[in-house]
Protein chains: 2
Amino acid sequence: MAAVAALDVEQFRRSDRRLTPQRQAVLKAFLELSREHPTAESIYEAARRYCPTVGLATVYRSLDLFVQMGLIQKAPSLNGTARYDTQRVPHDHFVCLKCGRIYEFHKAQQPEADGEFDEKGFQVFNTSTIYFGYCPSCRQ
Amino acid sequence: MAAVAALDVEQFRRSDRRLTPQRQAVLKAFLELSREHPTAESIYEAARRYCPTVGLATVYRSLDLFVQMGLIQKAPSLNGTARYDTQRVPHDHFVCLKCGRIYEFHKAQQPEADGEFDEKGFQVFNTSTIYFGYCPSCRQ
DNA sequence: GTGATTGCAAAGGTTTTGCAGTAAC
DNA sequence: GTTACTGCAAAACCTTTGCAATCAC
């Protein structure tokens, strides 16, 4: 978390981008919620606590920017609502088929992206295993 | 494929659901395109070749129904457009970070959903590994 | 000062819903 | 004949975009 924030300031300095209060608020809100793979809407709500005038469009623009900068990444989602995730590399996801929530897990074994992909012209940046099912709240 | 179609008729008979030409067209269209994890829109276009009057809303309703019946499933997507996938169990996905296309791969090793999930109250139905990167068309 | 960034509101794209008519059983 | 299903159009979402005003540099 501290690593992400530090990286952040440096990257902003290097580019001609500006570190506005809005972007700081969005990043802070994201870091706060990153464990739960937040939607833009929930990041927006949290960010308003730090910068009450920030607009939803700015939240989307900031998140897109952070994705472009490689600070965060989009998480695959089942129901058409974008979710965001940290860039920390090897972790797996549990996707609830009922509520769409995404949970994060850390597992020992991680499949290797072997030569098969390279042969076929695919360039692999990241690998993640997804478990589908019902989460504790939805298991009734 | 034949297995899915056969299962289909049986399941319809058992429930009080009706096997309409529209639903047959949607299922046929989906089976035709299943390899490429089609969106509702592309299934709609293909389905109109079998049933020219079918509406987009009906396509969505049919796909939802097939998901409920366990015939097909939703595939995780990065860009807010739903994609559909077969229920055939062990296969992996490559998600292109640029165009959002999903490719299917069959790999030998498949991580096991071990007791860890059960302990925590998660019920795992299915497991899939996702590789993120650029596909051949987007690799430029 | 200059140009990137913002907030708002409007537009865009995807998916869902209400309803009267239709068709499968 | 019933009742589930359909097509249409409108509504409901989520996300992006245009633009004048603003603020970080």
# chains A, B, ... in the order shown; residues from 1 in each chain; ligands from 1
call {"tool": "interface_residues", "arguments": {"of": "chain C", "to": "chain B", "cutoff": "9 Å", "atoms": "only C-alpha atoms (C1' of nucleotides)", "output": "ChimeraX atom specification"}}
result
/C:14-16,23-25
call {"tool": "interface_residues", "arguments": {"of": "chain B", "to": "chain A", "cutoff": "7 Å", "atoms": "only C-alpha atoms", "output": "PyMOL selection string"}}
result
chain B and resi 74-82+121-136
call {"tool": "residues_around", "arguments": {"residues": "DT6 in chain D", "least_positions_apart": "2", "cutoff": "10 Å", "atoms": "only C-alpha atoms (C1' of nucleotides)", "output": "list of chain:residue names"}}
result
B:Thr20, B:Gln22, B:Thr53, B:Val54, B:Gly55, B:Ala57, B:Thr58, C:DG21, C:DT22, C:DA23, D:DA4, D:DC8
call {"tool": "interface_residues", "arguments": {"of": "chain D", "to": "chain A", "cutoff": "8 Å", "atoms": "only C-alpha atoms (C1' of nucleotides)", "output": "list in words"}}
result
DC14, DT15, DA24 and DC25 of chain D
call {"tool": "write_last_selection", "arguments": {"atoms": "all heavy atoms", "output": "compact mmCIF listing (two decimals), in the first residue's frame"}}
result
# COMPACT_ATOMS: atom_id res chain seq x y z
P DC D 14 -25.61 0.65 -11.83
OP1 DC D 14 -25.19 -0.40 -10.88
OP2 DC D 14 -25.86 2.03 -11.36
O5' DC D 14 -24.54 0.75 -13.01
C5' DC D 14 -24.10 -0.44 -13.62
C4' DC D 14 -23.22 -0.07 -14.79
O4' DC D 14 -23.97 0.78 -15.69
C3' DC D 14 -21.97 0.73 -14.41
O3' DC D 14 -20.86 0.12 -15.05
C2' DC D 14 -22.24 2.13 -14.94
C1' DC D 14 -23.17 1.84 -16.12
N1 DC D 14 -24.08 2.95 -16.52
C2 DC D 14 -24.11 3.36 -17.86
O2 DC D 14 -23.37 2.80 -18.67
N3 DC D 14 -24.94 4.35 -18.23
C4 DC D 14 -25.72 4.93 -17.32
N4 DC D 14 -26.54 5.91 -17.75
C5 DC D 14 -25.72 4.53 -15.95
C6 DC D 14 -24.88 3.54 -15.59
P DT D 15 -19.40 0.66 -14.74
OP1 DT D 15 -18.49 -0.47 -14.94
OP2 DT D 15 -19.41 1.40 -13.47
O5' DT D 15 -19.17 1.69 -15.93
C5' DT D 15 -19.15 1.18 -17.25
C4' DT D 15 -19.00 2.31 -18.25
O4' DT D 15 -20.15 3.16 -18.18
C3' DT D 15 -17.79 3.22 -18.03
O3' DT D 15 -16.91 3.01 -19.14
C2' DT D 15 -18.36 4.63 -17.96
C1' DT D 15 -19.76 4.46 -18.55
N1 DT D 15 -20.81 5.37 -18.05
C2 DT D 15 -21.44 6.19 -18.95
O2 DT D 15 -21.16 6.23 -20.13
N3 DT D 15 -22.41 7.00 -18.41
C4 DT D 15 -22.81 7.06 -17.08
O4 DT D 15 -23.69 7.82 -16.71
C5 DT D 15 -22.11 6.16 -16.19
C7 DT D 15 -22.46 6.14 -14.73
C6 DT D 15 -21.16 5.36 -16.71
P DA D 24 -5.16 22.94 -7.20
OP1 DA D 24 -5.72 21.93 -6.28
OP2 DA D 24 -4.80 24.29 -6.71
O5' DA D 24 -3.90 22.30 -7.91
C5' DA D 24 -4.05 21.06 -8.60
C4' DA D 24 -2.89 20.84 -9.54
O4' DA D 24 -2.96 21.82 -10.62
C3' DA D 24 -1.52 20.99 -8.91
O3' DA D 24 -0.68 19.97 -9.46
C2' DA D 24 -1.07 22.40 -9.32
C1' DA D 24 -1.78 22.60 -10.65
N9 DA D 24 -2.22 23.96 -10.92
C8 DA D 24 -2.82 24.83 -10.03
N7 DA D 24 -3.14 25.98 -10.57
C5 DA D 24 -2.74 25.87 -11.88
C6 DA D 24 -2.81 26.77 -12.96
N6 DA D 24 -3.33 27.99 -12.89
N1 DA D 24 -2.31 26.35 -14.16
C2 DA D 24 -1.79 25.13 -14.23
N3 DA D 24 -1.67 24.20 -13.28
C4 DA D 24 -2.18 24.64 -12.12
P DC D 25 0.76 19.75 -8.84
OP1 DC D 25 1.07 18.33 -9.04
OP2 DC D 25 0.81 20.34 -7.50
O5' DC D 25 1.68 20.59 -9.81
C5' DC D 25 1.86 20.14 -11.17
C4' DC D 25 2.45 21.25 -12.00
O4' DC D 25 1.57 22.38 -12.03
C3' DC D 25 3.76 21.81 -11.49
O3' DC D 25 4.83 21.11 -12.10
C2' DC D 25 3.74 23.27 -11.90
C1' DC D 25 2.32 23.50 -12.43
N1 DC D 25 1.65 24.70 -11.89
C2 DC D 25 1.36 25.77 -12.74
O2 DC D 25 1.67 25.68 -13.93
N3 DC D 25 0.74 26.86 -12.25
C4 DC D 25 0.41 26.91 -10.96
N4 DC D 25 -0.23 28.01 -10.51
C5 DC D 25 0.69 25.85 -10.08
C6 DC D 25 1.32 24.75 -10.56
call {"tool": "residues_around", "arguments": {"residues": "Arg35 in chain A", "least_positions_apart": "5", "cutoff": "9 Å", "atoms": "only C-alpha atoms (C1' of nucleotides)", "output": "ChimeraX atom specification"}}
result
/A:85-86,103-104
call {"tool": "write_last_selection", "arguments": {"atoms": "all heavy atoms", "output": "short mmCIF file (atom, residue, chain, number, x, y, z; two decimals), in the first residue's frame"}}
result
data_model
loop_
_atom_site.label_atom_id
_atom_site.label_comp_id
_atom_site.auth_asym_id
_atom_site.auth_seq_id
_atom_site.Cartn_x
_atom_site.Cartn_y
_atom_site.Cartn_z
N ASP A 85 -8.82 -3.80 -9.19
CA ASP A 85 -7.99 -4.69 -8.40
C ASP A 85 -6.58 -4.12 -8.34
O ASP A 85 -6.19 -3.34 -9.20
CB ASP A 85 -7.97 -6.05 -9.10
CG ASP A 85 -7.37 -7.14 -8.25
OD1 ASP A 85 -7.07 -6.87 -7.07
OD2 ASP A 85 -7.21 -8.25 -8.76
N THR A 86 -5.82 -4.51 -7.33
CA THR A 86 -4.44 -4.05 -7.27
C THR A 86 -3.60 -4.78 -8.31
O THR A 86 -4.00 -5.82 -8.82
CB THR A 86 -3.82 -4.32 -5.89
OG1 THR A 86 -3.91 -5.71 -5.64
CG2 THR A 86 -4.54 -3.53 -4.83
N TYR A 103 -13.86 -12.17 -4.26
CA TYR A 103 -13.00 -12.34 -3.10
C TYR A 103 -11.60 -12.70 -3.56
O TYR A 103 -11.43 -13.33 -4.60
CB TYR A 103 -13.54 -13.45 -2.20
CG TYR A 103 -14.92 -13.20 -1.65
CD1 TYR A 103 -16.05 -13.47 -2.41
CD2 TYR A 103 -15.09 -12.69 -0.36
CE1 TYR A 103 -17.32 -13.24 -1.91
CE2 TYR A 103 -16.36 -12.47 0.15
CZ TYR A 103 -17.47 -12.75 -0.63
OH TYR A 103 -18.73 -12.53 -0.13
N GLU A 104 -10.64 -12.32 -2.77
CA GLU A 104 -9.26 -12.56 -3.15
C GLU A 104 -8.64 -13.67 -2.30
O GLU A 104 -8.87 -13.73 -1.10
CB GLU A 104 -8.47 -11.27 -2.96
CG GLU A 104 -7.07 -11.34 -3.48
CD GLU A 104 -6.46 -9.94 -3.43
OE1 GLU A 104 -7.06 -9.00 -3.98
OE2 GLU A 104 -5.39 -9.82 -2.84
#
call {"tool": "atom_distance", "arguments": {"atom1": "CA of Pro52 in chain A", "atom2": "CA of Pro38 in chain A"}}
result
18.9 Å
call {"tool": "residues_around", "arguments": {"residues": "range 17-21 of chain D", "least_positions_apart": "3", "cutoff": "9 Å", "atoms": "only C-alpha atoms (C1' of nucleotides)", "output": "ChimeraX atom specification"}}
result
/C:6,10-12
call {"tool": "atom_distance", "arguments": {"atom1": "CA of Ser62 in chain B", "atom2": "CA of Ile102 in chain B"}}
result
21.7 Å
call {"tool": "decode", "arguments": {"residues": "range 26-41 of chain A", "atoms": "all heavy atoms", "output": "mmCIF file, in the first residue's frame"}}
result
data_model
loop_
_atom_site.group_PDB
_atom_site.id
_atom_site.type_symbol
_atom_site.label_atom_id
_atom_site.label_comp_id
_atom_site.auth_asym_id
_atom_site.auth_seq_id
_atom_site.Cartn_x
_atom_site.Cartn_y
_atom_site.Cartn_z
ATOM 1 N N VAL A 26 -9.334 9.603 -4.966
ATOM 2 C CA VAL A 26 -9.716 8.352 -5.614
ATOM 3 C C VAL A 26 -8.724 7.254 -5.264
ATOM 4 O O VAL A 26 -9.114 6.125 -4.933
ATOM 5 C CB VAL A 26 -9.818 8.532 -7.141
ATOM 6 C CG1 VAL A 26 -10.019 7.191 -7.826
ATOM 7 C CG2 VAL A 26 -10.961 9.476 -7.491
ATOM 8 N N LEU A 27 -7.447 7.574 -5.292
ATOM 9 C CA LEU A 27 -6.445 6.566 -4.984
ATOM 10 C C LEU A 27 -6.559 6.110 -3.526
ATOM 11 O O LEU A 27 -6.510 4.920 -3.221
ATOM 12 C CB LEU A 27 -5.040 7.116 -5.260
ATOM 13 C CG LEU A 27 -3.932 6.059 -5.239
ATOM 14 C CD1 LEU A 27 -4.172 5.009 -6.305
ATOM 15 C CD2 LEU A 27 -2.572 6.706 -5.436
ATOM 16 N N LYS A 28 -6.748 7.064 -2.652
ATOM 17 C CA LYS A 28 -6.909 6.753 -1.234
ATOM 18 C C LYS A 28 -8.125 5.844 -1.038
ATOM 19 O O LYS A 28 -8.057 4.835 -0.339
ATOM 20 C CB LYS A 28 -7.132 8.063 -0.466
ATOM 21 C CG LYS A 28 -6.368 8.175 0.846
ATOM 22 C CD LYS A 28 -6.383 9.624 1.317
ATOM 23 C CE LYS A 28 -6.081 9.782 2.796
ATOM 24 N NZ LYS A 28 -6.159 11.209 3.208
ATOM 25 N N ALA A 29 -9.233 6.211 -1.663
ATOM 26 C CA ALA A 29 -10.453 5.417 -1.555
ATOM 27 C C ALA A 29 -10.237 4.018 -2.107
ATOM 28 O O ALA A 29 -10.650 3.024 -1.499
ATOM 29 C CB ALA A 29 -11.592 6.105 -2.310
ATOM 30 N N PHE A 30 -9.546 3.945 -3.241
ATOM 31 C CA PHE A 30 -9.294 2.621 -3.809
ATOM 32 C C PHE A 30 -8.458 1.763 -2.870
ATOM 33 O O PHE A 30 -8.754 0.590 -2.643
ATOM 34 C CB PHE A 30 -8.596 2.723 -5.171
ATOM 35 C CG PHE A 30 -8.064 1.395 -5.621
ATOM 36 C CD1 PHE A 30 -8.921 0.433 -6.126
ATOM 37 C CD2 PHE A 30 -6.721 1.090 -5.480
ATOM 38 C CE1 PHE A 30 -8.454 -0.814 -6.497
ATOM 39 C CE2 PHE A 30 -6.237 -0.163 -5.848
ATOM 40 C CZ PHE A 30 -7.110 -1.105 -6.357
ATOM 41 N N LEU A 31 -7.408 2.341 -2.318
ATOM 42 C CA LEU A 31 -6.523 1.577 -1.435
ATOM 43 C C LEU A 31 -7.287 1.048 -0.230
ATOM 44 O O LEU A 31 -7.078 -0.072 0.222
ATOM 45 C CB LEU A 31 -5.357 2.458 -0.970
ATOM 46 C CG LEU A 31 -4.341 2.784 -2.059
ATOM 47 C CD1 LEU A 31 -3.326 3.803 -1.557
ATOM 48 C CD2 LEU A 31 -3.629 1.528 -2.549
ATOM 49 N N GLU A 32 -8.195 1.894 0.261
ATOM 50 C CA GLU A 32 -9.015 1.518 1.395
ATOM 51 C C GLU A 32 -9.870 0.290 1.090
ATOM 52 O O GLU A 32 -10.110 -0.546 1.956
ATOM 53 C CB GLU A 32 -9.964 2.692 1.656
ATOM 54 C CG GLU A 32 -10.172 3.080 3.072
ATOM 55 C CD GLU A 32 -11.016 4.351 3.077
ATOM 56 O OE1 GLU A 32 -12.239 4.259 2.868
ATOM 57 O OE2 GLU A 32 -10.415 5.425 3.252
ATOM 58 N N LEU A 33 -10.364 0.217 -0.143
ATOM 59 C CA LEU A 33 -11.349 -0.799 -0.507
ATOM 60 C C LEU A 33 -10.770 -1.932 -1.328
ATOM 61 O O LEU A 33 -11.481 -2.865 -1.688
ATOM 62 C CB LEU A 33 -12.474 -0.150 -1.313
ATOM 63 C CG LEU A 33 -13.240 0.988 -0.632
ATOM 64 C CD1 LEU A 33 -14.164 1.668 -1.625
ATOM 65 C CD2 LEU A 33 -14.040 0.440 0.544
ATOM 66 N N SER A 34 -9.463 -1.859 -1.637
ATOM 67 C CA SER A 34 -8.924 -2.756 -2.659
ATOM 68 C C SER A 34 -9.155 -4.226 -2.327
ATOM 69 O O SER A 34 -9.293 -5.044 -3.224
ATOM 70 C CB SER A 34 -7.439 -2.498 -2.852
ATOM 71 O OG SER A 34 -6.735 -2.825 -1.674
ATOM 72 N N ARG A 35 -9.204 -4.525 -1.027
ATOM 73 C CA ARG A 35 -9.414 -5.916 -0.635
ATOM 74 C C ARG A 35 -10.704 -6.480 -1.207
ATOM 75 O O ARG A 35 -10.803 -7.655 -1.520
ATOM 76 C CB ARG A 35 -9.438 -5.999 0.906
ATOM 77 C CG ARG A 35 -8.857 -7.222 1.515
ATOM 78 C CD ARG A 35 -7.392 -7.444 1.175
ATOM 79 N NE ARG A 35 -6.484 -6.557 1.899
ATOM 80 C CZ ARG A 35 -6.183 -6.682 3.193
ATOM 81 N NH1 ARG A 35 -6.691 -7.644 3.912
ATOM 82 N NH2 ARG A 35 -5.342 -5.858 3.750
ATOM 83 N N GLU A 36 -11.708 -5.635 -1.368
ATOM 84 C CA GLU A 36 -12.993 -6.146 -1.844
ATOM 85 C C GLU A 36 -13.256 -5.893 -3.337
ATOM 86 O O GLU A 36 -14.368 -6.026 -3.794
ATOM 87 C CB GLU A 36 -14.138 -5.555 -1.022
ATOM 88 C CG GLU A 36 -14.218 -4.038 -1.102
ATOM 89 C CD GLU A 36 -15.213 -3.475 -0.085
ATOM 90 O OE1 GLU A 36 -15.012 -3.661 1.140
ATOM 91 O OE2 GLU A 36 -16.194 -2.884 -0.528
ATOM 92 N N HIS A 37 -12.222 -5.530 -4.088
ATOM 93 C CA HIS A 37 -12.378 -5.334 -5.525
ATOM 94 C C HIS A 37 -13.544 -4.421 -5.825
ATOM 95 O O HIS A 37 -14.530 -4.815 -6.441
ATOM 96 C CB HIS A 37 -12.533 -6.670 -6.235
ATOM 97 C CG HIS A 37 -11.356 -7.557 -6.004
ATOM 98 N ND1 HIS A 37 -11.172 -8.209 -4.822
ATOM 99 C CD2 HIS A 37 -10.292 -7.859 -6.765
ATOM 100 C CE1 HIS A 37 -10.038 -8.890 -4.888
ATOM 101 N NE2 HIS A 37 -9.491 -8.696 -6.034
ATOM 102 N N PRO A 38 -13.402 -3.171 -5.438
ATOM 103 C CA PRO A 38 -14.541 -2.259 -5.462
ATOM 104 C C PRO A 38 -15.012 -1.892 -6.864
ATOM 105 O O PRO A 38 -14.245 -1.966 -7.825
ATOM 106 C CB PRO A 38 -13.985 -1.022 -4.755
ATOM 107 C CG PRO A 38 -12.518 -1.077 -4.994
ATOM 108 C CD PRO A 38 -12.162 -2.536 -4.975
ATOM 109 N N THR A 39 -16.256 -1.502 -6.963
ATOM 110 C CA THR A 39 -16.796 -0.930 -8.190
ATOM 111 C C THR A 39 -16.484 0.561 -8.201
ATOM 112 O O THR A 39 -16.130 1.142 -7.169
ATOM 113 C CB THR A 39 -18.318 -1.102 -8.233
ATOM 114 O OG1 THR A 39 -18.888 -0.393 -7.126
ATOM 115 C CG2 THR A 39 -18.711 -2.563 -8.136
ATOM 116 N N ALA A 40 -16.651 1.191 -9.369
ATOM 117 C CA ALA A 40 -16.416 2.632 -9.467
ATOM 118 C C ALA A 40 -17.344 3.386 -8.522
ATOM 119 O O ALA A 40 -16.941 4.358 -7.874
ATOM 120 C CB ALA A 40 -16.640 3.091 -10.913
ATOM 121 N N GLU A 41 -18.564 2.929 -8.428
ATOM 122 C CA GLU A 41 -19.550 3.561 -7.566
ATOM 123 C C GLU A 41 -19.099 3.569 -6.099
ATOM 124 O O GLU A 41 -19.189 4.594 -5.423
ATOM 125 C CB GLU A 41 -20.884 2.817 -7.697
ATOM 126 C CG GLU A 41 -22.035 3.399 -6.911
ATOM 127 C CD GLU A 41 -22.479 4.773 -7.412
ATOM 128 O OE1 GLU A 41 -22.372 5.017 -8.628
ATOM 129 O OE2 GLU A 41 -22.913 5.587 -6.582
#
